[in-house]
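Student: Mind looking over this structure? Questions follow.
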Amino acid sequence: MRFIVAVIQPHKLDAVREALAKAGVEGLTVSEVRGFGRQKGHREIYRGAEYDIAYVPKVKLEVAVPADFAERVVETIRDSNIGDGKIFVLALESAIRVRTGETGASAL
Amino acid sequence: MLNAGDTAWLLTATTLVLFMTLPGLAMFYGGLVRAPNVLSVLMHCFAIGCLVSILWLICAYSLAFAPGTPWIGGLSKIFLNGVGRQTLAPNTTVPETVFFMFQMTFAIITPALIVGAFVERMKFESVLLFCGLWLLVVYVPVAHWVWGGGWLNSMGIMDFAGGLVVHLSAGASALVVAVLLGPRTGFPGDLKPPHAPWMTMVGASMLWVGWFGFNAGSALTAGGDAGMAMTVTHISAATASLVWVAIEWAKFRKPSLVGMVTGTIAGLATITPASGFVGPASALVIGLIGGAACYFVVSIVKQRFEIDDSLDVFAVHGVGGATGILLTAICVDAALGGAGLPELRSMSYQFAVQLLGVIAILVWSVVASYAIVIGVKAAVGLRVGKEDEEKGLDQTTHGESGYNI
């Protein structure tokens with residue numbers, strides 16, 4: 001199993017969700033996060049004073065999938081023209097469905 | 001003789017002016033600070049509203065408006081002594097209780113305006129002590145000089161709704177508090193941006209609506225004077241909003257909401273002293289000059305002098321109020337659509353009186369505020385600790401959070 005963490009632009013979330021659903025992803029978790037990458041944030045001006053916004057709003061997706069499915073998910077997130085962001089793929093040790101106690105890939 | 005229409009309007013206007021502070025000004029300011037300080041700003045405005053109300057009843061109203069000397073009113077109306085249901089306010093057609101309440105709402109918003117200078121870092125007990133003393137030592141005498149039969153009043157000063165009494169006194173004092181208190185940690189280069197500009201816009205809109213009570217209510221009658229005051233108030237606010245946003249748009253390529261609504265307040269403050277004396281065309285000019293003047297002073301105070309008058313009280317209210325006072329002497333001219341000067345009074349005399357008023361209120365506000373701040377500092381201190389400032393006043397002073405998500 002693989003655990004995929006993707007940090008993307010908030011306005012791309014709907015497109016990514018649709019594409020992932022089409023590709024067969026059963027569920028995912030989304031959180032609003034802030035961070036910076038190579039752009040190092042941006043500047044905003046209020047009443048003529050400039051403020052450095054060091055952390056830019058992003059959306060973080062977390063998806064757990066069977067190992068052989070991981071590449072397809074990564075490709076889907078990329079193919080839906082995200083632009084900015086990062087995708088991390090981690091090995092996933094176990095998964096448990098709370099309702100039934102199923103474990104492993106069948107819990108995903 | 002009592003006039004029911006005038007009384008009904010003044011009751012309404014009083015409600016509108018209280019609404020300017022609670023919650024209008026509170027939200028206008030609250031949106032401009034960091035999220036962990038939003039409650040402290042709302043709290044400052046609310047607590048000042050309560051404190052001033054009590055002081056107003058005890059002695060402040062009497063010292064401002066009861067007959068006295070050219071410098072200070074008398075004590076004949078402390079605790080509203082002798083004022084009953086049948087008592088009319090002198091030279092008006094409204095009950096004195098209504099006049100008392102109307103003037104109280106002005107006394108509430110004036111120290112609340114100063115909150116903008118000391119947000120995010122002043123101890124709560126110091127806020128209360130400063131504002132209570134400030135009301136008695138600065139607001140009360142100035143209101144007496146200008147409106148209560150004092151020396152500037154006798155000279156014929158024209159301050160319809162408080163360019164001097166409210167805006168210049170608050171603006172000049174704000175500058176003194178900001179200097180003595182010192183800047184927020186991180187000023188000027190490393191500050192957090194306003195946490196909720198939408199809240200600032202909502203507050204500014206409430207201020208705009210409430211200002212109709214402030215300016216048109218100051219006519220004390222429900223007739224043509226109030227109607228014209230409302231008209232010019234609105235035109236100046238709209239003009240200054242556009243001026244501010246136009247300057248920003250040209251300079252930074254982005255027309256900002258915070259800029260636009262700051263322009264609104266600048267236009268409202270500038271027209272305030274003039275609102276009962278000028279015509280609609282002059283209101284355009286006053287909004288134009290007021291919006292531009294306030295805009296440029298914001299950056300002079302913050303960038304050139306590096307004074308952290310955090311929410312620009314001096315630039316918006318002090319400069320707006322003083323500009324409006326001076327323009328009143330010119331725009332009152334009947335040839336410019338104004339109400340005209342009293343007979344045998346020249347424009348140059350009036351301008352000199354207005355200028356004297358500006359200088360007197362500026363000097364008194366600065367000197368007295370300086371003394372009060374030094375006194376408060378000696379008694380209870382001024383600033384919260386650095387760690388509390390970083391965590392925010394909501395948690396550290398009030399034990400609450402603005403946003404429990």
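Chain identifiers are assigned as A, B, and so on, following the order in which chains appear in the structure tokens; residues are numbered from 1 within each chain, and ligands are numbered from 1 in order of appearance.
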Could you work out which residues of chain A fall inside 12 Å of chain B? Count only C-alpha atoms, and format the result as a ChimeraX atom specification.
Tutor: /A:43-55
Student: Could you take the residues named above and write them with C-alpha atoms, as a compact mmCIF listing (two decimals), in the first residue's frame?
Tutor:
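And here's part_38.txt as it stands now:
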```
# COMPACT_ATOMS: atom_id res chain seq x y z
CA ARG A 43 3.35 40.40 -0.70
CA GLU A 44 0.13 42.19 0.14
CA ILE A 45 -0.40 45.94 0.51
CA TYR A 46 -2.75 47.49 3.06
CA ARG A 47 -2.98 51.27 3.39
CA GLY A 48 0.28 51.60 1.50
CA ALA A 49 2.25 49.31 3.83
CA GLU A 50 3.69 46.09 2.39
CA TYR A 51 3.30 42.84 4.26
CA ASP A 52 5.25 39.67 3.51
CA ILE A 53 2.90 36.72 3.45
CA ALA A 54 5.43 33.99 4.20
CA TYR A 55 2.95 31.11 4.14
```
Student: Give me, as a VMD selection string, all polymer residues having an atom no more than 10 Å from Val74 (chain A), counting only C-alpha atoms and skipping those fewer than 5 positions away in the same chain.
Tutor: chain A and resid 4 to 6 20 69 79 87 to 89
Student: Now that the selection is made, can you save its residues with C-alpha atoms as a PDB file, in the first residue's frame?
Tutor:
```pdb
ATOM      1  CA  ILE A   4       0.062   9.739  -1.148  1.00  0.00           C
ATOM      2  CA  VAL A   5       0.293  13.287   0.217  1.00  0.00           C
ATOM      3  CA  ALA A   6      -0.210  16.065  -2.318  1.00  0.00           C
ATOM      4  CA  LEU A  20      -9.225  10.914  -9.011  1.00  0.00           C
ATOM      5  CA  PHE A  69      -2.402   1.889  -8.028  1.00  0.00           C
ATOM      6  CA  ASP A  79      -2.442  15.238 -15.493  1.00  0.00           C
ATOM      7  CA  ILE A  87       3.308  15.111  -4.372  1.00  0.00           C
ATOM      8  CA  PHE A  88       4.864  12.772  -1.817  1.00  0.00           C
ATOM      9  CA  VAL A  89       4.483   9.003  -1.919  1.00  0.00           C
TER      10      VAL A  89
END
```
Student: List every residue of chain A that DSSP, applied to the backbone of this structure, places in alpha helix (DSSP H), and write the result as number ranges by chain.
Tutor: A: 13-23, 70-79
Student: Would you list the contacts of Pro36 (chain B) as a list of chain:residue names, taking every protein, DNA or RNA residue within 12 Å and counting only C-alpha atoms, but skipping same-chain residues closer than 5 positions in sequence?
Tutor: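 Using only C-alpha atoms, the neighbours found are B:Gly30, B:Gly31, B:Val41, B:Leu42, B:Val119, B:Glu120, B:Arg121, B:Lys192, B:Pro194, B:His195, B:Ala196, B:Asp388, B:Glu389, B:Glu390, B:Lys391, B:Gly392, B:Leu393, B:Asp394, B:Gln395, B:Thr396, B:Thr397, B:His398, B:Gly399, B:Glu400, B:Ser401, B:Gly402, B:Tyr403, B:Asn404.
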Student: If we count only C-alpha atoms, what is near Ile307 (chain B) at a cut-off of 9 Å, once residues fewer than 5 positions away on the same chain are taken out, given as a PyMOL selection string?
Tutor: chain B and resi 175+178-179+182-183+188+301-302
Student: Counting only C-alpha atoms, what is within 12 Å of region 359-362 of chain B, bar same-chain residues fewer than 3 positions away, as JSON, numbers by chain?
Tutor: {"B": [138, 139, 140, 141, 142, 143, 144, 145, 146, 151, 152, 157, 162, 163, 164, 165, 166, 167, 168, 169, 170, 171, 172, 173, 174, 175, 176, 314, 318, 319, 321, 322, 325, 326, 352, 353, 354, 355, 356, 365, 366, 367, 368, 369]}
Student: Using N, CA and C atoms, can you export the residues from the last selection as a CSV table (one decimal), in the first residue's frame?
Tutor:
```
chain,number,residue,atom,x,y,z
B,138,VAL,N,-9.3,66.1,28.4
B,138,VAL,CA,-9.3,66.6,27.0
B,138,VAL,C,-10.6,66.8,26.5
B,139,TYR,N,-11.4,65.8,26.4
B,139,TYR,CA,-12.7,65.9,25.7
B,139,TYR,C,-13.6,66.9,26.3
B,140,VAL,N,-13.8,66.9,27.6
B,140,VAL,CA,-14.8,67.7,28.3
B,140,VAL,C,-14.5,69.2,28.1
B,141,PRO,N,-13.2,69.7,28.4
B,141,PRO,CA,-13.0,71.1,28.1
B,141,PRO,C,-13.1,71.5,26.7
B,142,VAL,N,-12.6,70.6,25.8
B,142,VAL,CA,-12.6,71.0,24.4
B,142,VAL,C,-14.1,71.1,23.9
B,143,ALA,N,-14.9,70.2,24.4
B,143,ALA,CA,-16.4,70.2,24.0
B,143,ALA,C,-17.0,71.5,24.6
B,144,HIS,N,-16.5,71.9,25.7
B,144,HIS,CA,-17.0,73.2,26.3
B,144,HIS,C,-16.6,74.4,25.5
B,145,TRP,N,-15.3,74.4,25.2
B,145,TRP,CA,-14.8,75.5,24.4
B,145,TRP,C,-15.5,75.7,23.1
B,146,VAL,N,-15.8,74.6,22.4
B,146,VAL,CA,-16.3,74.7,21.1
B,146,VAL,C,-17.9,74.7,21.0
B,151,TRP,N,-14.7,79.6,25.2
B,151,TRP,CA,-14.1,80.8,24.5
B,151,TRP,C,-14.1,80.7,23.0
B,152,LEU,N,-13.9,79.5,22.5
B,152,LEU,CA,-13.9,79.4,21.0
B,152,LEU,C,-15.3,79.6,20.5
B,157,ILE,N,-16.5,80.1,16.4
B,157,ILE,CA,-15.9,78.9,15.7
B,157,ILE,C,-17.0,78.1,15.1
B,162,GLY,N,-18.1,68.2,15.1
B,162,GLY,CA,-16.9,67.6,15.8
B,162,GLY,C,-15.6,67.4,15.1
B,163,GLY,N,-15.3,68.3,14.1
B,163,GLY,CA,-14.0,68.2,13.5
B,163,GLY,C,-12.9,68.4,14.5
B,164,LEU,N,-13.1,69.4,15.4
B,164,LEU,CA,-12.2,69.7,16.5
B,164,LEU,C,-12.4,68.8,17.7
B,165,VAL,N,-13.7,68.8,18.1
B,165,VAL,CA,-14.0,68.2,19.4
B,165,VAL,C,-13.8,66.7,19.3
B,166,VAL,N,-14.2,66.1,18.2
B,166,VAL,CA,-14.0,64.6,18.1
B,166,VAL,C,-12.8,64.2,17.3
B,167,HIS,N,-12.6,64.7,16.1
B,167,HIS,CA,-11.6,64.1,15.2
B,167,HIS,C,-10.2,64.6,15.5
B,168,LEU,N,-10.1,65.9,15.6
B,168,LEU,CA,-8.7,66.4,15.8
B,168,LEU,C,-8.2,66.0,17.2
B,169,SER,N,-9.1,66.1,18.2
B,169,SER,CA,-8.7,65.8,19.6
B,169,SER,C,-8.3,64.4,19.7
B,170,ALA,N,-9.0,63.5,19.1
B,170,ALA,CA,-8.7,62.0,19.1
B,170,ALA,C,-7.4,61.8,18.3
B,171,GLY,N,-7.3,62.4,17.1
B,171,GLY,CA,-6.2,62.1,16.2
B,171,GLY,C,-4.9,62.6,16.8
B,172,ALA,N,-4.9,63.8,17.4
B,172,ALA,CA,-3.6,64.4,17.9
B,172,ALA,C,-3.2,63.5,19.2
B,173,SER,N,-4.2,63.2,20.0
B,173,SER,CA,-3.9,62.4,21.2
B,173,SER,C,-3.4,61.0,20.8
B,174,ALA,N,-3.9,60.5,19.7
B,174,ALA,CA,-3.5,59.1,19.3
B,174,ALA,C,-2.0,59.1,19.0
B,175,LEU,N,-1.6,60.2,18.3
B,175,LEU,CA,-0.2,60.3,18.0
B,175,LEU,C,0.7,60.3,19.2
B,176,VAL,N,0.3,61.0,20.2
B,176,VAL,CA,1.1,61.1,21.5
B,176,VAL,C,1.1,59.7,22.1
B,314,PHE,N,-4.4,59.4,13.6
B,314,PHE,CA,-4.0,60.8,13.3
B,314,PHE,C,-4.2,61.1,11.8
B,318,GLY,N,-7.3,63.0,12.6
B,318,GLY,CA,-6.7,64.3,12.9
B,318,GLY,C,-6.6,65.2,11.7
B,319,VAL,N,-6.1,64.6,10.6
B,319,VAL,CA,-5.9,65.4,9.4
B,319,VAL,C,-7.2,65.7,8.8
B,321,GLY,N,-10.2,65.9,10.3
B,321,GLY,CA,-10.9,66.9,11.1
B,321,GLY,C,-10.4,68.3,10.9
B,322,ALA,N,-9.0,68.5,11.0
B,322,ALA,CA,-8.4,69.8,10.8
B,322,ALA,C,-8.7,70.3,9.4
B,325,ILE,N,-12.2,71.6,9.2
B,325,ILE,CA,-12.4,72.8,9.9
B,325,ILE,C,-11.9,74.0,9.1
B,326,LEU,N,-10.8,73.9,8.5
B,326,LEU,CA,-10.2,75.0,7.7
B,326,LEU,C,-11.1,75.2,6.4
B,352,ALA,N,-9.3,82.7,10.4
B,352,ALA,CA,-8.4,82.9,11.5
B,352,ALA,C,-8.9,82.2,12.8
B,353,VAL,N,-10.2,82.3,13.0
B,353,VAL,CA,-10.8,81.6,14.2
B,353,VAL,C,-10.7,80.1,14.0
B,354,GLN,N,-10.9,79.6,12.8
B,354,GLN,CA,-10.8,78.2,12.6
B,354,GLN,C,-9.4,77.7,12.8
B,355,LEU,N,-8.4,78.5,12.3
B,355,LEU,CA,-7.0,78.1,12.4
B,355,LEU,C,-6.6,78.1,13.9
B,356,LEU,N,-7.1,79.1,14.6
B,356,LEU,CA,-6.8,79.2,16.1
B,356,LEU,C,-7.4,78.0,16.8
B,365,SER,N,-4.6,68.9,23.2
B,365,SER,CA,-4.7,67.4,23.1
B,365,SER,C,-3.3,66.8,23.3
B,366,VAL,N,-2.3,67.4,22.7
B,366,VAL,CA,-0.9,66.8,22.8
B,366,VAL,C,-0.4,66.9,24.2
B,367,VAL,N,-0.5,68.1,24.8
B,367,VAL,CA,0.1,68.4,26.1
B,367,VAL,C,-0.7,67.5,27.2
B,368,ALA,N,-2.0,67.6,27.1
B,368,ALA,CA,-2.8,66.9,28.2
B,368,ALA,C,-2.6,65.4,28.0
B,369,SER,N,-2.6,64.9,26.8
B,369,SER,CA,-2.5,63.4,26.6
B,369,SER,C,-1.1,63.0,27.0
```
Student: Mind checking which residues fall within 12 Å of Ile271 (chain B), counting only C-alpha atoms, ignoring those fewer than 4 positions away in the same chain, and posting them as a VMD selection string?
Tutor: chain B and resid 159 to 164 167 211 to 212 214 to 216 228 to 240 264 to 267 275 to 280 282 to 291 317 319 to 328 331 to 332
Student: The selected residues should be written to file as a compact mmCIF listing (two decimals), in the first residue's frame (atoms: C-alpha atoms).
Tutor:
```
# COMPACT_ATOMS: atom_id res chain seq x y z
CA ASP B 159 -17.49 73.04 14.11
CA PHE B 160 -20.83 71.54 13.20
CA ALA B 161 -20.42 67.95 14.37
CA GLY B 162 -16.94 67.63 15.81
CA GLY B 163 -13.99 68.17 13.47
CA LEU B 164 -12.16 69.66 16.45
CA HIS B 167 -11.63 64.06 15.23
CA TRP B 211 -22.60 59.17 10.51
CA PHE B 212 -25.96 60.40 9.24
CA PHE B 214 -23.69 62.16 13.81
CA ASN B 215 -23.83 64.98 11.27
CA ALA B 216 -27.52 65.37 10.42
CA MET B 228 -28.43 69.14 3.75
CA ALA B 229 -26.02 67.80 6.37
CA MET B 230 -26.96 64.25 5.43
CA THR B 231 -26.53 65.01 1.73
CA VAL B 232 -23.10 66.57 1.97
CA THR B 233 -21.96 63.85 4.38
CA HIS B 234 -22.85 61.16 1.89
CA ILE B 235 -21.26 62.91 -1.08
CA SER B 236 -18.00 63.54 0.75
CA ALA B 237 -17.79 59.91 1.90
CA ALA B 238 -18.37 58.58 -1.61
CA THR B 239 -15.87 61.00 -3.14
CA ALA B 240 -13.08 60.30 -0.66
CA THR B 264 -14.78 56.53 3.30
CA ILE B 265 -13.87 57.28 6.91
CA ALA B 266 -11.47 60.03 5.81
CA GLY B 267 -14.24 61.65 3.77
CA SER B 275 -21.63 69.37 7.28
CA GLY B 276 -24.09 71.96 8.56
CA PHE B 277 -22.62 74.89 6.66
CA VAL B 278 -21.77 73.82 3.10
CA GLY B 279 -23.51 72.77 -0.11
CA PRO B 280 -23.27 69.58 -2.17
CA SER B 282 -18.41 71.84 -1.82
CA ALA B 283 -18.88 68.35 -0.40
CA LEU B 284 -17.28 66.98 -3.58
CA VAL B 285 -14.29 69.28 -3.09
CA ILE B 286 -14.06 68.49 0.63
CA GLY B 287 -14.16 64.74 -0.05
CA LEU B 288 -11.51 65.12 -2.73
CA ILE B 289 -9.11 67.13 -0.58
CA GLY B 290 -9.85 65.12 2.58
CA GLY B 291 -9.31 61.77 0.88
CA HIS B 317 -9.21 61.60 11.91
CA VAL B 319 -5.89 65.37 9.41
CA GLY B 320 -9.47 64.93 8.21
CA GLY B 321 -10.93 66.91 11.10
CA ALA B 322 -8.42 69.78 10.81
CA THR B 323 -8.75 69.93 7.02
CA GLY B 324 -12.52 70.08 7.31
CA ILE B 325 -12.38 72.83 9.93
CA LEU B 326 -10.23 75.02 7.67
CA LEU B 327 -12.26 74.31 4.53
CA THR B 328 -15.45 75.21 6.41
CA CYS B 331 -17.02 76.60 1.73
CA VAL B 332 -19.57 78.24 4.03
```
Student: If you run DSSP on the backbone, which residues of chain A are strand (DSSP E or B), as a VMD selection string?
Tutor: chain A and resid 2 to 8 29 to 35 42 to 46 49 to 53 56 to 65 85 to 91 96 103
Student: Within 10 Å of Val33 (chain A), counting only C-alpha atoms, which residues show up once you throw out same-chain ones fewer than 3 positions away? Write them as a JSON list (two decimals) with N, CA and C atoms, in the first residue's frame, please.
Tutor:
```json
[["chain", "number", "residue", "atom", "x", "y", "z"],
["A", 7, "VAL", "N", 0.28, 18.40, -1.97],
["A", 7, "VAL", "CA", -0.04, 19.78, -1.59],
["A", 7, "VAL", "C", -0.26, 20.55, -2.87],
["A", 8, "ILE", "N", -1.48, 21.07, -3.06],
["A", 8, "ILE", "CA", -1.82, 21.67, -4.36],
["A", 8, "ILE", "C", -2.47, 23.03, -4.16],
["A", 10, "PRO", "N", -5.40, 25.58, -3.94],
["A", 10, "PRO", "CA", -6.79, 25.38, -3.50],
["A", 10, "PRO", "C", -7.80, 25.39, -4.64],
["A", 30, "VAL", "N", -8.94, 15.90, 2.86],
["A", 30, "VAL", "CA", -8.46, 17.21, 2.42],
["A", 30, "VAL", "C", -8.30, 18.11, 3.62],
["A", 55, "TYR", "N", 3.61, 32.40, 4.36],
["A", 55, "TYR", "CA", 2.95, 31.11, 4.14],
["A", 55, "TYR", "C", 1.70, 31.31, 3.28],
["A", 56, "VAL", "N", 1.68, 30.65, 2.15],
["A", 56, "VAL", "CA", 0.59, 30.81, 1.21],
["A", 56, "VAL", "C", -0.44, 29.70, 1.43],
["A", 57, "PRO", "N", -1.74, 30.01, 1.34],
["A", 57, "PRO", "CA", -2.75, 28.98, 1.53],
["A", 57, "PRO", "C", -2.66, 27.90, 0.44],
["A", 58, "LYS", "N", -2.68, 26.64, 0.88],
["A", 58, "LYS", "CA", -2.66, 25.49, -0.04],
["A", 58, "LYS", "C", -3.67, 24.47, 0.46],
["A", 59, "VAL", "N", -3.92, 23.46, -0.37],
["A", 59, "VAL", "CA", -4.76, 22.35, 0.06],
["A", 59, "VAL", "C", -3.90, 21.09, 0.08],
["A", 60, "LYS", "N", -4.05, 20.33, 1.16],
["A", 60, "LYS", "CA", -3.30, 19.07, 1.26],
["A", 60, "LYS", "C", -4.27, 17.89, 1.08]]
```
Student: Return the single residue from A:Ala19, A:Ala67, A:Val98, A:Ile77 that is closest to Arg2 (chain A), with distances computed using only C-alpha atoms.
Tutor: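 Among the listed residues, A:Ala67 lies closest to Arg2 (chain A).
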Student: At what distance in Å, to one decimal, does CA of Asp84 (chain A) lie from CA of Gly27 (chain A)?
Tutor: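 Atom-to-atom, CA of Gly27 (chain A) to CA of Asp84 (chain A), that is 22.7 Å.
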